[in-house]
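*Asks:* The following block contains the structure, expressed as structure tokens.
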Amino acid sequence: MRLTLQMLISHGRVARKMGLGPQSRINMLRNILTGLVRHERIETTRVRADEVRFYAEKLIDYAKKGDIDEKAMKMANFWLTEKDLVPKLFKVLAPRFEPHSNSYTRMVRIPNRHNLDRAKMAVLEYKGNPFPPLYPVKKDCELSLINQLLKGYREEREQQLAAKLQSQLK
Amino acid sequence: SVRSQRNAVFSREQARQRALYPRIEKIEVSMQGPGLDGTLLIMNRGMSTPLSCARHLTEHHVTNSALALVDGEPWPLHQPLTRSCSLTLLTFKSSDPTLVNQAYWRSCATLLGQVLETAFKDNFTVDLLSVPEVPVTSGAFCCDVVLDPQLDSWTPSEETLRSLTRAALQLIHKDLAWEPLEVTPSVALEVFSHSRCKQEEVEEKAAQNPKGTVTLYRCGDHVLLSAGPLVARTGLCSQYEVMAIHNLGQGPWGLHRRVQGLSLPLQLKGHHTVWRKLRQRAEKLVRTTKISVFYLTNSSKSSDIKAEGRGQLRGGGLLVFWGQWSCLDAGSK
């Protein structure tokens with residue numbers, strides 16, 4: 001089920017259970033998050049990807065505070081089990097997401113796993129990764145009719161503004 | 001009547017051209033395009049059109065293709081193929097739609113001309129002048145027309161434009177095909193025997209064309225003349241509006257009026273906010289290279305409606321250069 005605030009209010013406890021218990025759940029998420037920071041695009045089950053998303057984005061928010069901040073360094077140290085990824089987090093990922101304020105990750109569902117369990121799978125990635133896009137963004141061709149008309153409209157507006165500024169300056 | 005006579009001559013010439021191929025000969029057409037490279041189709045010479053090639057492929061190709069490229073040359077969809085060639089079907093969303101855009105603009109202008117021919121009562125004559133080749137970035141397509149001298153003082157109102165728009169939308173709804181026909185200038189002169197300015201246009205186009213022929217198009221029961229290829233059917237346009245009628249001044253045939261319109265095809269529908277902005281721009285007069293300077297007298301109660309462009313020109317005794325026609329004297333009119 002999608003975890004929402006409304007669900008929390010109406011149904012009470014809606015936290016997911018994973019693994020053997022709460023500690024096991026955090027350890028599992030830590031491992032997945034480490035894999036995500038190392039590879040920037042990973043494939044897991046849908047539920048795990050959904051859970052990790054929240055922690056991945058919170059980790060970036062902490063990394064943005066800078067590695068001088070003690071709390072940020074503690075968080076990074078706890079969540080990343082492979083310690084060579086801590087400088088990568090602060091020096092590569094944090095500056096990459098500096099202009100953005102909210103969504104740093106993208107989750108895309110893929111066909112179910114071919115094992116006996118037929119688990120629902122998903123791909124989780126940090127935006128701005130060097131791999132080819134998951135779904136190619138289809139942009140309308142610049143030369144299509146509607147774009148050419150809008151280009152003419154924009155140019156005319158610019159000309160009018162320039163003429164107005166000139167007349168005002170004089 | 002004039003229309004039925006033109007229609008009869010067109011049908012006769014079309015039947016004669018079809019009878020040139022009494023026995024069916026086969027040609028090989030190789031298709032180019034995304035997903036189609038190298039597909040070989042065996043079609044009939046003089047009978048199969050690029051549309052029939054599209055029908056061999058999928059419904060998407062039939063409904064979406066607007067123009068065809070035969071060996072790199074723009075070819076109307078309903079014109080029969082005469083030799084083995086390579087064919088590319090162009091849509092509005094293909095990677096280089098400049099040719100399609102120009103053809104669409106031309107077709108919308110010819111549609112406007114057809115609407116104007118039928119709009120007025122029978123006792124008023126309407127003379128369509130040559131459709132000016134306007135680039136798409138100018139914001140509107142134009143149709144130059146000369147109305148009856150009795151209507152020289154007539155000022156078009158908002159409702160006139162709306163009724164013209166409605167007539168155009170009715171034609172679009174009928175989804176008529178633009179049938180092309182390549183004819184010798186003599187046949188074209190016979191078709192337009194009632195209109196002197198059309199005959200001059202035929203001669204001018206025949207002189208410009210390296211082959212010496214003129215292409216006529218028939219839509220419904222109207223025969224029209226066009227400089228270049230037109231799109232396949234009227235049904236390809238979805239949003240169509242006649243925006244404004246501007247007066248261009250006196251010319252050799254009478255008071256020239258420029259009727260402007262805006263249109264978008266079915267596959268590139270515009271959101272109403274975008275449409276409104278484009279409409280505002282389309283109301284302004286579109287200047288073409290033929291008319292270098294406008295002639296506006298100080299005392300003229302010019303009947304342009306929504307003519308914002310007037311403020312930029314200070315009129316009064318300027319010469320009008322009208323392409324190959326002679327310069328008009330500044331003192332007249």
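Residue numbering restarts at 1 for every chain of the structure tokens, chains are lettered A, B, ... in their displayed order, and ligands are numbered from 1 as they appear.
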Pull out every residue of chain A sitting within 12 Å of chain B, counting only C-alpha atoms, and send them as a ChimeraX atom specification.
*Replies:* /A:138-157,160,163
*Asks:* Could you name the residues that touch Pro180 (chain B) at 12 Å or less, counting only C-alpha atoms, but leaving out those on the same chain fewer than 5 positions away, as a PyMOL selection string?
*Replies:* chain B and resi 10-11+13-14+17+49+75-80+214-219+223-233
*Asks:* Grab the CA of Val86 (chain A) to CA of Thr44 (chain A) distance for me, in Å with one decimal place.
*Replies:* 22.5 Å
*Asks:* Taking the DSSP secondary structure from the backbone, can you list the residues of chain A that are strand (DSSP E), as a PyMOL selection string?
*Replies:* chain A and resi 41-45+105-110+121-126
*Asks:* What's around Lys26 (chain B) at 7 Å? Count only C-alpha atoms, leave out sequence neighbours fewer than 6 positions away in its own chain, and write the answer as a list of chain:residue names.
*Replies:* B:Ile42, B:Met43, B:Asn44, B:Arg45
*Asks:* Tell me, as JSON, numbers by chain, which residues lie within 12 Å of region 128-130 of chain A, counting only C-alpha atoms; anything in the same chain fewer than 2 positions away does not count.
*Replies:* {"A": [36, 37, 38, 39, 40, 41, 42, 92, 93, 94, 95, 96, 97, 98, 100, 103, 104, 105, 106, 124, 125, 126, 132, 133, 134]}
*Asks:* Please, which residues of chain A, numbered as in this document, come out alpha helix (DSSP H) from DSSP, as a PyMOL selection string?
*Replies:* chain A and resi 5-11+22-39+46-63+70-79+85-88+94-96+145-169
*Asks:* Excluding Arg25 (chain A) and its own-chain neighbours fewer than 6 positions away, which residues fall within 10 Å of it when counting only C-alpha atoms? Please give them as a list in words.
*Replies:*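 Here the qualifying residues turn out to be Arg16, Lys17, Met18, Gly19, Arg48 and Glu51 of chain A.
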*Asks:* With all heavy atoms retained, write the just-selected residues as a compact mmCIF listing (two decimals), in the first residue's frame.
*Replies:*
```
# COMPACT_ATOMS: atom_id res chain seq x y z
N ARG A 16 5.92 -0.05 7.14
CA ARG A 16 6.13 -1.37 6.54
C ARG A 16 7.00 -2.20 7.47
O ARG A 16 7.88 -1.67 8.14
CB ARG A 16 6.84 -1.22 5.20
CG ARG A 16 5.95 -0.86 4.06
CD ARG A 16 6.65 -1.20 2.78
NE ARG A 16 5.93 -0.67 1.63
CZ ARG A 16 6.23 0.45 1.01
NH1 ARG A 16 7.25 1.18 1.42
NH2 ARG A 16 5.54 0.86 -0.02
N LYS A 17 6.82 -3.53 7.41
CA LYS A 17 7.72 -4.45 8.13
C LYS A 17 8.58 -5.12 7.08
O LYS A 17 8.08 -5.60 6.07
CB LYS A 17 6.90 -5.53 8.85
CG LYS A 17 6.12 -5.04 10.04
CD LYS A 17 5.46 -6.24 10.71
CE LYS A 17 4.44 -5.77 11.72
NZ LYS A 17 3.71 -6.91 12.28
N MET A 18 9.90 -5.13 7.29
CA MET A 18 10.78 -5.82 6.37
C MET A 18 11.74 -6.67 7.16
O MET A 18 12.19 -6.28 8.24
CB MET A 18 11.58 -4.78 5.56
CG MET A 18 10.89 -4.40 4.26
SD MET A 18 11.48 -2.85 3.58
CE MET A 18 13.13 -3.25 3.19
N GLY A 19 12.10 -7.82 6.67
CA GLY A 19 13.13 -8.65 7.29
C GLY A 19 12.66 -9.23 8.61
O GLY A 19 11.50 -9.55 8.81
N ARG A 48 11.16 -2.42 -1.47
CA ARG A 48 12.43 -1.97 -0.90
C ARG A 48 12.87 -0.65 -1.54
O ARG A 48 13.36 0.24 -0.85
CB ARG A 48 13.51 -3.03 -1.13
CG ARG A 48 13.34 -4.23 -0.24
CD ARG A 48 14.32 -5.32 -0.57
NE ARG A 48 13.84 -6.59 -0.05
CZ ARG A 48 14.37 -7.77 -0.35
NH1 ARG A 48 15.38 -7.85 -1.18
NH2 ARG A 48 13.86 -8.86 0.18
N GLU A 51 10.94 2.12 0.03
CA GLU A 51 11.41 2.47 1.37
C GLU A 51 12.71 3.23 1.31
O GLU A 51 12.91 4.20 2.03
CB GLU A 51 11.65 1.19 2.19
CG GLU A 51 10.41 0.49 2.66
CD GLU A 51 9.77 1.20 3.85
OE1 GLU A 51 10.43 1.37 4.89
OE2 GLU A 51 8.61 1.59 3.71
```
*Asks:* What lies within 10 Å of Pro111 (chain A) using only C-alpha atoms, ignoring chain neighbours under 3 positions off, as an mmCIF file with N, CA, C and O atoms, in the first residue's frame?
*Replies:*
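Ended up saving to selection-v4.cif:
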```
data_model
loop_
_atom_site.group_PDB
_atom_site.id
_atom_site.type_symbol
_atom_site.label_atom_id
_atom_site.label_comp_id
_atom_site.auth_asym_id
_atom_site.auth_seq_id
_atom_site.Cartn_x
_atom_site.Cartn_y
_atom_site.Cartn_z
ATOM 1 N N HIS A 114 11.867 -13.128 -12.752
ATOM 2 C CA HIS A 114 11.512 -14.390 -13.419
ATOM 3 C C HIS A 114 11.670 -15.605 -12.528
ATOM 4 O O HIS A 114 11.474 -16.728 -12.985
ATOM 5 N N ARG A 118 8.181 -14.360 -8.532
ATOM 6 C CA ARG A 118 7.536 -13.357 -9.389
ATOM 7 C C ARG A 118 7.378 -12.035 -8.653
ATOM 8 O O ARG A 118 6.313 -11.445 -8.641
ATOM 9 N N ALA A 119 8.453 -11.583 -8.031
ATOM 10 C CA ALA A 119 8.354 -10.370 -7.223
ATOM 11 C C ALA A 119 8.261 -9.138 -8.107
ATOM 12 O O ALA A 119 8.843 -9.087 -9.192
ATOM 13 N N LYS A 120 7.565 -8.125 -7.625
ATOM 14 C CA LYS A 120 7.468 -6.856 -8.361
ATOM 15 C C LYS A 120 8.799 -6.151 -8.221
ATOM 16 O O LYS A 120 9.265 -5.903 -7.123
ATOM 17 N N MET A 121 9.419 -5.775 -9.367
ATOM 18 C CA MET A 121 10.740 -5.156 -9.338
ATOM 19 C C MET A 121 10.657 -3.693 -9.716
ATOM 20 O O MET A 121 9.708 -3.269 -10.398
ATOM 21 N N ALA A 122 11.677 -2.969 -9.277
ATOM 22 C CA ALA A 122 11.751 -1.548 -9.639
ATOM 23 C C ALA A 122 13.214 -1.151 -9.773
ATOM 24 O O ALA A 122 14.085 -1.779 -9.185
#
```
